[in-house]
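The next block is protein_35.pdb, given as PDB, C-alpha atoms.
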```pdb
ATOM      1  CA  MET A   1      80.765 240.750   0.893
ATOM      2  CA  ILE A   2      82.795 243.633   2.228
ATOM      3  CA  ALA A   3      82.358 246.807   0.159
ATOM      4  CA  ALA A   4      86.042 247.742   0.209
ATOM      5  CA  PHE A   5      87.131 244.236  -0.813
ATOM      6  CA  PRO A   6      84.779 243.052  -3.573
ATOM      7  CA  ASN A   7      86.458 239.657  -3.940
ATOM      8  CA  ALA A   8      86.457 238.733  -0.248
ATOM      9  CA  MET A   9      84.458 235.722   0.946
ATOM     10  CA  PRO A  10      84.416 236.261   4.724
ATOM     11  CA  VAL A  11      81.508 233.883   5.452
ATOM     12  CA  GLU A  12      82.728 231.020   3.263
ATOM     13  CA  GLY A  13      86.238 231.658   4.543
ATOM     14  CA  PHE A  14      85.167 231.460   8.171
ATOM     15  CA  ILE A  15      83.043 228.317   7.676
ATOM     16  CA  GLY A  16      85.816 226.675   5.655
ATOM     17  CA  GLY A  17      88.229 227.659   8.426
ATOM     18  CA  LEU A  18      85.989 225.969  11.009
ATOM     19  CA  LEU A  19      86.108 222.769   8.913
ATOM     20  CA  ILE A  20      89.915 222.973   8.745
ATOM     21  CA  GLY A  21      90.112 223.519  12.499
ATOM     22  CA  LEU A  22      87.745 220.606  13.111
ATOM     23  CA  ALA A  23      89.911 218.417  10.859
ATOM     24  CA  ALA A  24      93.025 219.359  12.833
ATOM     25  CA  ALA A  25      91.166 218.800  16.134
ATOM     26  CA  ILE A  26      90.202 215.276  15.040
ATOM     27  CA  MET A  27      93.843 214.534  14.221
ATOM     28  CA  LEU A  28      95.000 215.949  17.568
ATOM     29  CA  LEU A  29      92.442 214.357  19.870
ATOM     30  CA  GLY A  30      91.941 211.145  17.868
ATOM     31  CA  LEU A  31      95.508 210.288  16.920
ATOM     32  CA  GLY A  32      97.567 212.610  19.124
ATOM     33  CA  ARG A  33      99.264 214.353  16.207
ATOM     34  CA  VAL A  34      99.532 217.720  14.558
ATOM     35  CA  ALA A  35      97.754 217.895  11.183
ATOM     36  CA  GLY A  36     100.708 219.380   9.325
ATOM     37  CA  VAL A  37     100.319 218.827   5.598
ATOM     38  CA  SER A  38     103.993 219.209   4.648
ATOM     39  CA  GLY A  39     105.070 216.680   7.284
ATOM     40  CA  MET A  40     102.300 214.241   6.405
ATOM     41  CA  ALA A  41     103.082 214.567   2.679
ATOM     42  CA  ALA A  42     106.793 213.942   3.258
ATOM     43  CA  ARG A  43     105.953 210.949   5.431
ATOM     44  CA  ALA A  44     103.372 209.540   2.983
ATOM     45  CA  THR A  45     105.875 209.615   0.117
ATOM     46  CA  GLY A  46     108.720 208.215   2.213
ATOM     47  CA  ILE A  47     110.776 211.423   1.990
ATOM     48  CA  ALA A  48     110.650 211.658   5.799
ATOM     49  CA  ASP A  49     111.339 208.513   7.764
ATOM     50  CA  SER A  50     110.071 209.718  11.101
ATOM     51  CA  GLY A  51     106.686 211.142  11.975
ATOM     52  CA  ALA A  52     103.190 209.718  11.697
ATOM     53  CA  PRO A  53     102.690 206.016  10.940
ATOM     54  CA  ARG A  54     102.831 205.575   7.177
ATOM     55  CA  ASN A  55      99.182 204.496   6.789
ATOM     56  CA  VAL A  56      97.988 207.506   8.812
ATOM     57  CA  ALA A  57     100.022 209.904   6.645
ATOM     58  CA  ILE A  58      98.832 208.319   3.392
ATOM     59  CA  ALA A  59      95.176 208.315   4.484
ATOM     60  CA  PHE A  60      95.371 211.990   5.524
ATOM     61  CA  VAL A  61      97.036 213.052   2.260
ATOM     62  CA  VAL A  62      94.524 211.077   0.156
ATOM     63  CA  GLY A  63      91.706 212.724   2.109
ATOM     64  CA  LEU A  64      92.709 216.241   0.981
ATOM     65  CA  PRO A  65      91.735 215.919  -2.716
ATOM     66  CA  LEU A  66      88.747 213.744  -1.772
ATOM     67  CA  GLY A  67      87.455 216.521   0.485
ATOM     68  CA  ALA A  68      87.889 219.106  -2.275
ATOM     69  CA  LEU A  69      86.099 216.750  -4.685
ATOM     70  CA  LEU A  70      83.253 216.364  -2.185
ATOM     71  CA  ILE A  71      82.742 220.149  -2.141
ATOM     72  CA  ALA A  72      82.904 220.314  -5.942
ATOM     73  CA  GLN A  73      80.241 217.572  -6.181
ATOM     74  CA  THR A  74      77.878 218.863  -3.486
ATOM     75  CA  VAL A  75      78.252 222.649  -3.178
ATOM     76  CA  GLY A  76      79.274 223.433  -6.735
ATOM     77  CA  ALA A  77      82.282 224.012  -8.934
ATOM     78  CA  VAL A  78      85.404 225.077  -7.017
ATOM     79  CA  ASN A  79      86.859 228.137  -8.706
ATOM     80  CA  VAL A  80      90.645 227.988  -9.140
ATOM     81  CA  ASN A  81      92.879 230.351 -11.115
ATOM     82  CA  PHE A  82      96.429 229.283 -11.840
ATOM     83  CA  PRO A  83      99.369 231.327 -13.140
ATOM     84  CA  ALA A  84      99.449 231.335 -16.934
ATOM     85  CA  SER A  85     103.100 230.295 -17.012
ATOM     86  CA  ILE A  86     104.446 227.027 -15.612
ATOM     87  CA  TRP A  87     107.539 228.720 -14.123
ATOM     88  CA  PRO A  88     105.944 230.269 -11.022
ATOM     89  CA  LEU A  89     104.544 226.817 -10.240
ATOM     90  CA  ILE A  90     107.884 225.058 -10.605
ATOM     91  CA  ILE A  91     109.940 227.691  -8.765
ATOM     92  CA  GLY A  92     107.233 228.113  -6.124
ATOM     93  CA  GLY A  93     106.918 224.356  -5.664
ATOM     94  CA  LEU A  94     110.665 223.888  -5.177
ATOM     95  CA  LEU A  95     110.809 226.686  -2.587
ATOM     96  CA  VAL A  96     107.697 225.461  -0.761
ATOM     97  CA  GLY A  97     108.973 221.879  -0.628
ATOM     98  CA  TYR A  98     112.478 222.794   0.515
ATOM     99  CA  GLY A  99     111.358 225.557   2.870
ATOM    100  CA  THR A 100     108.595 223.649   4.650
ATOM    101  CA  ARG A 101     110.918 220.729   5.401
ATOM    102  CA  LEU A 102     113.765 222.970   6.562
ATOM    103  CA  GLY A 103     111.393 225.072   8.657
ATOM    104  CA  SER A 104     109.504 222.037  10.018
ATOM    105  CA  GLY A 105     106.074 223.062   8.823
ATOM    106  CA  CYS A 106     103.717 225.069   6.677
ATOM    107  CA  THR A 107     100.453 226.982   6.975
ATOM    108  CA  SER A 108      98.693 224.017   8.595
ATOM    109  CA  GLY A 109     101.300 222.766  11.071
ATOM    110  CA  HIS A 110     102.762 226.128  12.135
ATOM    111  CA  GLY A 111      99.800 228.306  11.193
ATOM    112  CA  VAL A 112      96.665 226.434  12.267
ATOM    113  CA  CYS A 113      98.036 223.957  14.831
ATOM    114  CA  GLY A 114     101.037 225.854  16.206
ATOM    115  CA  LEU A 115      99.447 229.289  16.572
ATOM    116  CA  SER A 116      96.409 227.855  18.377
ATOM    117  CA  ARG A 117      98.825 226.052  20.725
ATOM    118  CA  LEU A 118     100.668 229.369  21.274
ATOM    119  CA  SER A 119     103.922 227.649  20.276
ATOM    120  CA  PRO A 120     106.730 230.244  20.125
ATOM    121  CA  ARG A 121     108.427 228.384  17.251
ATOM    122  CA  SER A 122     105.221 228.383  15.239
ATOM    123  CA  MET A 123     104.518 232.047  15.993
ATOM    124  CA  VAL A 124     107.986 232.967  14.718
ATOM    125  CA  ALA A 125     107.684 230.701  11.656
ATOM    126  CA  THR A 126     104.209 231.966  10.771
ATOM    127  CA  GLY A 127     105.284 235.598  11.177
ATOM    128  CA  MET A 128     108.287 234.974   8.953
ATOM    129  CA  PHE A 129     106.585 233.074   6.141
ATOM    130  CA  MET A 130     103.748 235.635   6.112
ATOM    131  CA  ALA A 131     106.233 238.520   5.989
ATOM    132  CA  SER A 132     108.241 236.720   3.311
ATOM    133  CA  GLY A 133     105.060 236.149   1.283
ATOM    134  CA  PHE A 134     104.021 239.822   1.553
ATOM    135  CA  VAL A 135     107.491 241.014   0.509
ATOM    136  CA  THR A 136     107.735 238.496  -2.347
ATOM    137  CA  VAL A 137     104.356 239.444  -3.805
ATOM    138  CA  GLY A 138     105.199 243.119  -3.251
ATOM    139  CA  ILE A 139     108.366 242.659  -5.311
ATOM    140  CA  LEU A 140     106.437 240.783  -8.013
ATOM    141  CA  ARG A 141     103.934 243.660  -8.177
ATOM    142  CA  ALA A 142     106.622 246.346  -8.199
ATOM    143  CA  GLY A 143     108.434 244.487 -10.974
ATOM    144  CA  GLY A 144     105.279 244.312 -13.069
ATOM    145  CA  TRP A 145     105.007 240.511 -12.955
ATOM    146  CA  LEU A 146     101.482 240.534 -11.499
TER     147      LEU A 146
ATOM    148  CA  MET B   1      92.547 200.438  10.256
ATOM    149  CA  THR B   2      90.578 202.655  12.660
ATOM    150  CA  ARG B   3      93.518 205.060  12.760
ATOM    151  CA  ALA B   4      93.764 205.251   8.979
ATOM    152  CA  LEU B   5      90.024 205.959   8.811
ATOM    153  CA  ILE B   6      90.323 208.766  11.363
ATOM    154  CA  ALA B   7      93.244 210.218   9.384
ATOM    155  CA  LEU B   8      91.191 209.936   6.177
ATOM    156  CA  LEU B   9      88.284 211.769   7.841
ATOM    157  CA  SER B  10      90.654 214.480   9.051
ATOM    158  CA  GLY B  11      92.165 214.875   5.578
ATOM    159  CA  LEU B  12      88.716 214.872   3.997
ATOM    160  CA  LEU B  13      87.408 217.647   6.252
ATOM    161  CA  PHE B  14      90.653 219.569   5.765
ATOM    162  CA  GLY B  15      90.382 219.370   1.975
ATOM    163  CA  ALA B  16      86.680 220.271   2.086
ATOM    164  CA  GLY B  17      87.464 223.310   4.236
ATOM    165  CA  LEU B  18      90.205 224.445   1.849
ATOM    166  CA  ALA B  19      87.927 224.132  -1.184
ATOM    167  CA  TYR B  20      84.894 225.738   0.504
ATOM    168  CA  SER B  21      86.887 228.674   1.867
ATOM    169  CA  GLY B  22      88.407 229.540  -1.503
ATOM    170  CA  MET B  23      91.898 228.674  -0.279
ATOM    171  CA  SER B  24      92.361 226.126  -3.054
ATOM    172  CA  ASP B  25      92.432 229.063  -5.496
ATOM    173  CA  PRO B  26      96.053 230.214  -5.954
ATOM    174  CA  ALA B  27      94.928 233.628  -7.215
ATOM    175  CA  ARG B  28      92.912 234.256  -4.026
ATOM    176  CA  VAL B  29      95.798 233.296  -1.748
ATOM    177  CA  GLN B  30      98.207 235.424  -3.743
ATOM    178  CA  ALA B  31      95.701 238.303  -3.528
ATOM    179  CA  PHE B  32      95.866 238.047   0.294
ATOM    180  CA  LEU B  33      99.624 238.533   0.074
ATOM    181  CA  ASP B  34      99.212 241.383  -2.439
ATOM    182  CA  LEU B  35      98.956 244.379  -0.108
ATOM    183  CA  PHE B  36      99.471 246.875  -2.916
ATOM    184  CA  GLY B  37      97.029 245.284  -5.343
ATOM    185  CA  GLN B  38      93.351 244.305  -5.021
ATOM    186  CA  TRP B  39      93.813 242.965  -1.472
ATOM    187  CA  ASP B  40      91.611 239.987  -0.533
ATOM    188  CA  PRO B  41      91.333 239.414   3.241
ATOM    189  CA  THR B  42      89.580 236.006   2.969
ATOM    190  CA  LEU B  43      92.618 234.057   4.235
ATOM    191  CA  ALA B  44      92.463 235.940   7.554
ATOM    192  CA  PHE B  45      88.864 234.752   8.065
ATOM    193  CA  VAL B  46      89.923 231.178   7.305
ATOM    194  CA  MET B  47      92.707 231.345   9.882
ATOM    195  CA  GLY B  48      90.314 232.872  12.404
ATOM    196  CA  GLY B  49      87.762 230.122  11.814
ATOM    197  CA  ALA B  50      90.386 227.389  12.137
ATOM    198  CA  MET B  51      91.674 228.778  15.452
ATOM    199  CA  LEU B  52      88.366 228.212  17.278
ATOM    200  CA  PRO B  53      88.045 224.396  17.140
ATOM    201  CA  MET B  54      91.793 224.086  17.683
ATOM    202  CA  ALA B  55      91.849 226.369  20.718
ATOM    203  CA  VAL B  56      89.177 224.126  22.277
ATOM    204  CA  ALA B  57      91.049 220.995  21.157
ATOM    205  CA  TRP B  58      94.282 222.085  22.915
ATOM    206  CA  VAL B  59      92.341 222.638  26.147
ATOM    207  CA  ILE B  60      90.747 219.173  25.882
ATOM    208  CA  ARG B  61      94.163 217.714  25.043
ATOM    209  CA  SER B  62      95.610 219.075  28.278
ATOM    210  CA  ARG B  63      93.045 217.005  30.210
ATOM    211  CA  LEU B  64      93.639 213.764  28.312
ATOM    212  CA  SER B  65      96.397 211.342  29.237
ATOM    213  CA  SER B  66      96.302 209.791  25.774
ATOM    214  CA  PRO B  67      94.530 210.439  22.473
ATOM    215  CA  LEU B  68      91.211 208.662  21.852
ATOM    216  CA  ALA B  69      92.462 206.227  19.203
ATOM    217  CA  ALA B  70      96.248 206.030  19.617
ATOM    218  CA  PRO B  71      98.462 205.024  22.558
ATOM    219  CA  THR B  72     100.294 208.334  23.085
ATOM    220  CA  PHE B  73     100.409 211.968  22.037
ATOM    221  CA  ASP B  74     103.274 212.530  19.608
ATOM    222  CA  LEU B  75     103.549 216.303  19.335
ATOM    223  CA  PRO B  76     106.382 218.628  18.283
ATOM    224  CA  GLY B  77     108.493 219.231  21.386
ATOM    225  CA  THR B  78     111.221 221.502  20.051
ATOM    226  CA  THR B  79     111.164 225.007  21.480
ATOM    227  CA  LYS B  80     114.438 226.300  20.050
ATOM    228  CA  LEU B  81     114.203 229.289  17.720
ATOM    229  CA  ASP B  82     116.972 228.337  15.328
ATOM    230  CA  ARG B  83     118.263 229.254  11.908
ATOM    231  CA  PRO B  84     116.669 226.374   9.947
ATOM    232  CA  LEU B  85     113.262 227.450  11.278
ATOM    233  CA  ALA B  86     113.813 231.027  10.089
ATOM    234  CA  PHE B  87     115.429 230.235   6.723
ATOM    235  CA  GLY B  88     112.869 227.524   6.018
ATOM    236  CA  ALA B  89     109.956 229.857   6.769
ATOM    237  CA  ILE B  90     111.440 232.610   4.568
ATOM    238  CA  LEU B  91     111.986 230.236   1.607
ATOM    239  CA  PHE B  92     108.518 228.776   2.072
ATOM    240  CA  GLY B  93     106.981 232.272   2.130
ATOM    241  CA  MET B  94     108.755 233.151  -1.133
ATOM    242  CA  GLY B  95     107.396 230.070  -2.882
ATOM    243  CA  TRP B  96     103.952 230.644  -1.377
ATOM    244  CA  GLY B  97     103.907 234.177  -2.778
ATOM    245  CA  ILE B  98     105.273 233.219  -6.207
ATOM    246  CA  ALA B  99     102.795 230.395  -6.837
ATOM    247  CA  GLY B 100      99.920 231.245  -4.470
ATOM    248  CA  LEU B 101     100.070 227.685  -3.188
ATOM    249  CA  CYS B 102     101.099 225.921  -0.002
ATOM    250  CA  PRO B 103     101.107 222.133   0.498
ATOM    251  CA  GLY B 104      97.457 221.636   1.587
ATOM    252  CA  PRO B 105      95.743 223.507  -1.241
ATOM    253  CA  ALA B 106      98.217 222.043  -3.756
ATOM    254  CA  LEU B 107      97.272 218.485  -2.794
ATOM    255  CA  ALA B 108      93.539 219.338  -2.595
ATOM    256  CA  ASP B 109      93.726 220.819  -6.106
ATOM    257  CA  LEU B 110      94.789 217.436  -7.484
ATOM    258  CA  ALA B 111      91.030 216.717  -7.539
ATOM    259  CA  ILE B 112      90.004 220.120  -8.936
ATOM    260  CA  ALA B 113      92.630 221.003 -11.541
ATOM    261  CA  PRO B 114      95.125 218.118 -11.694
ATOM    262  CA  GLY B 115      96.841 219.269 -14.872
ATOM    263  CA  ASP B 116      97.325 222.814 -13.566
ATOM    264  CA  VAL B 117      98.651 221.875 -10.135
ATOM    265  CA  ALA B 118     100.794 218.879 -11.166
ATOM    266  CA  PRO B 119     103.974 220.891 -11.927
ATOM    267  CA  PHE B 120     103.783 222.501  -8.470
ATOM    268  CA  VAL B 121     103.202 219.206  -6.659
ATOM    269  CA  VAL B 122     106.070 217.478  -8.488
ATOM    270  CA  ALA B 123     108.405 220.431  -7.815
ATOM    271  CA  MET B 124     107.307 220.486  -4.152
ATOM    272  CA  PHE B 125     108.266 216.849  -3.636
ATOM    273  CA  VAL B 126     111.566 217.442  -5.456
ATOM    274  CA  GLY B 127     112.211 220.345  -3.073
ATOM    275  CA  MET B 128     111.364 218.179  -0.049
ATOM    276  CA  ALA B 129     113.690 215.426  -1.250
ATOM    277  CA  ALA B 130     116.431 217.994  -1.944
ATOM    278  CA  GLN B 131     116.139 219.308   1.615
ATOM    279  CA  ARG B 132     116.522 215.821   2.995
ATOM    280  CA  PHE B 133     119.542 215.218   0.783
ATOM    281  CA  THR B 134     121.267 218.463   1.795
ATOM    282  CA  ALA B 135     120.479 217.758   5.463
ATOM    283  CA  PHE B 136     122.267 214.425   5.101
ATOM    284  CA  THR B 137     125.339 215.794   3.368
ATOM    285  CA  SER B 138     125.716 218.716   5.783
ATOM    286  CA  GLN B 139     125.420 216.439   8.825
ATOM    287  CA  LYS B 140     127.815 213.721   7.683
ATOM    288  CA  PRO B 141     131.143 215.539   8.076
ATOM    289  CA  LYS B 142     130.152 216.587  11.600
ATOM    290  CA  GLN B 143     129.361 213.044  12.666
ATOM    291  CA  ALA B 144     132.436 211.557  11.007
ATOM    292  CA  GLY B 145     134.866 214.281  12.071
ATOM    293  CA  PRO B 146     137.164 213.750  15.061
ATOM    294  CA  LYS B 147     135.893 215.679  18.055
TER     295      LYS B 147
END
```
Encoded form using structure tokens:
Amino acid sequence: MIAAFPNAMPVEGFIGGLLIGLAAAIMLLGLGRVAGVSGMAARATGIADSGAPRNVAIAFVVGLPLGALLIAQTVGAVNVNFPASIWPLIIGGLLVGYGTRLGSGCTSGHGVCGLSRLSPRSMVATGMFMASGFVTVGILRAGGWL
Amino acid sequence: MTRALIALLSGLLFGAGLAYSGMSDPARVQAFLDLFGQWDPTLAFVMGGAMLPMAVAWVIRSRLSSPLAAPTFDLPGTTKLDRPLAFGAILFGMGWGIAGLCPGPALADLAIAPGDVAPFVVAMFVGMAAQRFTAFTSQKPKQAGPK
């Protein structure tokens, strides 16, 4: 715990991050692909018709909830807090779906895989979606919606 | 079969990492983006942790002629900094801030709070399909037009 940030989980965050990085490393060195969730999800559902082989995409996407379930069963209940209203989820979901496809990636593909590869495209994308997220939440706070 | 199992293992570890790190909690992710509220830096530690195995993996990759369980590397090769990249990232960041969710945590949460995350996941796939549709319609006139 960091005194100034009572809610922070630096140790769990770092260990969880190592697991995420290991997962992406297995995808890269085992199958020669970037573990980008938005791309894999679009491929698994048939929304994208190029990318990873279909069975690879489906297996990866199915693994995500199974991994979360594994933590819930072994480590303990996973604490999640959702917005009270359904609207932020619907509007947010539409923007995330449209934006990640248009921008060719999300936090995993551009953030984890692209930044560690020092890809200029991913550095620009990550800088922009981070900045956009900070500004958006700043506006929500200023408007009294948070 | 082997490839699907490797992909399943990768997804499993990814989902476990998201849940263990607290990144499957929309409120925690939104709190990272909330610089003027009760700021929560956890996401920065997650990104830092994820960089280490991947930095090593990219070095190993540069010494491999092919991946261990597939015939060839199939990695993003585009280097152009174009408008779709920028607009897409900005729209994604807006949605990420509004809901506190990005695609990985949203899918992982299907096992933790399926009823809560379902509207986001459905909307996300609608958004993805809409992008594909608009990409089609905006490309068609160009291809068909006399040039």
### Task
Excluding Met123 (chain A) and residues on its chain fewer than 4 positions from it, collect all residues at most 12 Å away from it, counting all atoms listed in the file, and give them as a ChimeraX atom specification.
/A:105-107,109-119,127-130 /B:79,81,85-86,89
Write a file of the just-selected residues containing C-alpha atoms, as a PDB file, in the coordinates of the input.
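Written file, out.pdb:
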```
ATOM      1  CA  GLY A 105     106.074 223.062   8.823  1.00  0.00           C
ATOM      2  CA  CYS A 106     103.717 225.069   6.677  1.00  0.00           C
ATOM      3  CA  THR A 107     100.453 226.982   6.975  1.00  0.00           C
ATOM      4  CA  GLY A 109     101.300 222.766  11.071  1.00  0.00           C
ATOM      5  CA  HIS A 110     102.762 226.128  12.135  1.00  0.00           C
ATOM      6  CA  GLY A 111      99.800 228.306  11.193  1.00  0.00           C
ATOM      7  CA  VAL A 112      96.665 226.434  12.267  1.00  0.00           C
ATOM      8  CA  CYS A 113      98.036 223.957  14.831  1.00  0.00           C
ATOM      9  CA  GLY A 114     101.037 225.854  16.206  1.00  0.00           C
ATOM     10  CA  LEU A 115      99.447 229.289  16.572  1.00  0.00           C
ATOM     11  CA  SER A 116      96.409 227.855  18.377  1.00  0.00           C
ATOM     12  CA  ARG A 117      98.825 226.052  20.725  1.00  0.00           C
ATOM     13  CA  LEU A 118     100.668 229.369  21.274  1.00  0.00           C
ATOM     14  CA  SER A 119     103.922 227.649  20.276  1.00  0.00           C
ATOM     15  CA  GLY A 127     105.284 235.598  11.177  1.00  0.00           C
ATOM     16  CA  MET A 128     108.287 234.974   8.953  1.00  0.00           C
ATOM     17  CA  PHE A 129     106.585 233.074   6.141  1.00  0.00           C
ATOM     18  CA  MET A 130     103.748 235.635   6.112  1.00  0.00           C
TER      19      MET A 130
ATOM     20  CA  THR B  79     111.164 225.007  21.480  1.00  0.00           C
ATOM     21  CA  LEU B  81     114.203 229.289  17.720  1.00  0.00           C
ATOM     22  CA  LEU B  85     113.262 227.450  11.278  1.00  0.00           C
ATOM     23  CA  ALA B  86     113.813 231.027  10.089  1.00  0.00           C
ATOM     24  CA  ALA B  89     109.956 229.857   6.769  1.00  0.00           C
TER      25      ALA B  89
END
```
### Query
What separation in Å, quoted to one decimal, exists between CA of Ala129 (chain B) and CA of Pro84 (chain B)?
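Between CA of Ala129 (chain B) and CA of Pro84 (chain B) the gap works out to 15.9 Å.
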### Query
Do you know which residues are at most 10 Å from Gly21 (chain A) counting all atoms listed in the file, after dropping those on the same chain fewer than 5 positions away, and could you put them as a ChimeraX atom specification?
/A:15-16,26-27,35,108,112-113,116 /B:10,13-14,17,46-57
### Task
Could you tell me which residues the PyMOL selection byres ((chain A and resi 43) around 12) returns for this structure, as a ChimeraX atom specification?
/A:36-42,44-61,101 /B:125,128-129,132
### Message
Evaluate the PyMOL selection byres ((chain A and resi 8) around 12) against this structure - the residues, as a ChimeraX atom specification, please.
### Response
/A:1-7,9-14 /B:21-23,28-29,31-32,38-46
### Message
Once the PyMOL selection byres ((chain A and resi 33) around 9) is applied to the coordinates I shared, what remains selected? I want it as a list in words.
### Response
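That expression, the PyMOL selection byres ((chain A and resi 33) around 9), corresponds here to Ala24, Met27, Leu28, Leu29, Gly30, Leu31, Gly32, Val34, Ala35, Gly36 and Ala52 of chain A; Pro67, Phe73, Asp74, Leu75 and Pro76 of chain B.
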### Task
Give as an MDAnalysis selection string the set of residues within 12 Å of the point (112.1, 224.4, -3.6), where distances use the file's coordinates and all atoms listed in the file.
(chainID A and resid 88:102) or (chainID B and resid 88:96 98:99 102:103 120:132)
### Task
Take CA of Ala7 (chain B) and CA of Pro105 (chain B) and report the distance between them in Å, one decimal.
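Taking CA of Ala7 (chain B) as the start and CA of Pro105 (chain B) as the end point, the length is 17.2 Å.
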## Note on the structure
A straight line from CA of Leu69 (chain A) to CA of Ala113 (chain B) spans 10.4 Å
### Query
Of the residues B:Ala108, B:Leu35, B:Phe133, B:Ile6, which is the one nearest to chain A, using all atoms listed in the file?
B:Ala108
### Task
Find, counting all atoms listed in the file, the residue in B:Ser24, B:Thr2, B:Ser65, B:Thr134 that gets nearest to chain A.
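Checking each of B:Ser24, B:Thr2, B:Ser65, B:Thr134 against chain A, counting all atoms listed in the file, the winner is B:Ser24.
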### Message
So that I can check the surroundings of Phe134 (chain A), please list as a VMD selection string every protein, DNA and RNA residue that reaches within 8 Å of it, counting all atoms listed in the file and ignoring chain neighbours fewer than 2 positions away.
### Response
(chain A and resid 130 to 132 136 to 138) or (chain B and resid 33 to 35 97)
### Message
Which residues are near Lys80 (chain B)? Cut-off 10 Å, only C-alpha atoms, ignore same chain within fewer than 3 positions. Put them as a ChimeraX atom specification.
### Response
/A:120-121 /B:77,83,85
### Query
With only C-alpha atoms as the basis for distance, which of B:Ala19, B:Ala118, B:Val59, B:Leu64 is at the shortest distance from chain A?
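Looking at the shortest contact to chain A, the residue is B:Ala19.
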Quick one: residues within 7 Å of Asp25 (chain B), all atoms listed in the file, excluding same-chain residues fewer than 6 positions away - as a PDB file with C-alpha atoms, in the frame of the given file?
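Full text of part.pdb as output:
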```
ATOM      1  CA  ASN A  79      86.859 228.137  -8.706  1.00  0.00           C
ATOM      2  CA  VAL A  80      90.645 227.988  -9.140  1.00  0.00           C
ATOM      3  CA  ASN A  81      92.879 230.351 -11.115  1.00  0.00           C
TER       4      ASN A  81
END
```
### Query
Which residue, B:Leu101, B:Ala135, B:Met1, B:Leu12, has the smallest gap to chain A when you use all atoms listed in the file?
B:Leu12
Incomplete region 31-42 of chain B filled out to N, CA and C atoms as a tab-separated table (two decimals), in the frame of the given file:
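Once everything was written out, this is part.tsv:
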```tsv
chain	number	residue	atom	x	y	z
B	31	ALA	N	96.32	236.99	-3.73
B	31	ALA	CA	95.70	238.30	-3.53
B	31	ALA	C	95.73	238.71	-2.05
B	32	PHE	N	95.73	237.72	-1.13
B	32	PHE	CA	95.87	238.05	0.29
B	32	PHE	C	97.25	238.62	0.57
B	33	LEU	N	98.25	238.09	-0.14
B	33	LEU	CA	99.62	238.53	0.07
B	33	LEU	C	99.94	239.81	-0.70
B	34	ASP	N	98.99	240.25	-1.54
B	34	ASP	CA	99.21	241.38	-2.44
B	34	ASP	C	98.67	242.67	-1.82
B	35	LEU	N	99.43	243.21	-0.87
B	35	LEU	CA	98.96	244.38	-0.11
B	35	LEU	C	98.78	245.61	-0.98
B	36	PHE	N	99.53	245.68	-2.08
B	36	PHE	CA	99.47	246.88	-2.92
B	36	PHE	C	98.61	246.66	-4.16
B	37	GLY	N	97.93	245.53	-4.21
B	37	GLY	CA	97.03	245.28	-5.34
B	37	GLY	C	95.59	245.28	-4.85
B	38	GLN	N	94.74	244.44	-5.45
B	38	GLN	CA	93.35	244.30	-5.02
B	38	GLN	C	93.34	243.32	-3.86
B	39	TRP	N	93.61	243.83	-2.64
B	39	TRP	CA	93.81	242.96	-1.47
B	39	TRP	C	92.56	242.17	-1.15
B	40	ASP	N	92.73	240.87	-0.86
B	40	ASP	CA	91.61	239.99	-0.53
B	40	ASP	C	91.85	239.39	0.86
B	41	PRO	N	91.07	239.84	1.85
B	41	PRO	CA	91.33	239.41	3.24
B	41	PRO	C	90.80	238.02	3.60
B	42	THR	N	90.25	237.27	2.64
B	42	THR	CA	89.58	236.01	2.97
B	42	THR	C	90.44	235.08	3.83
```
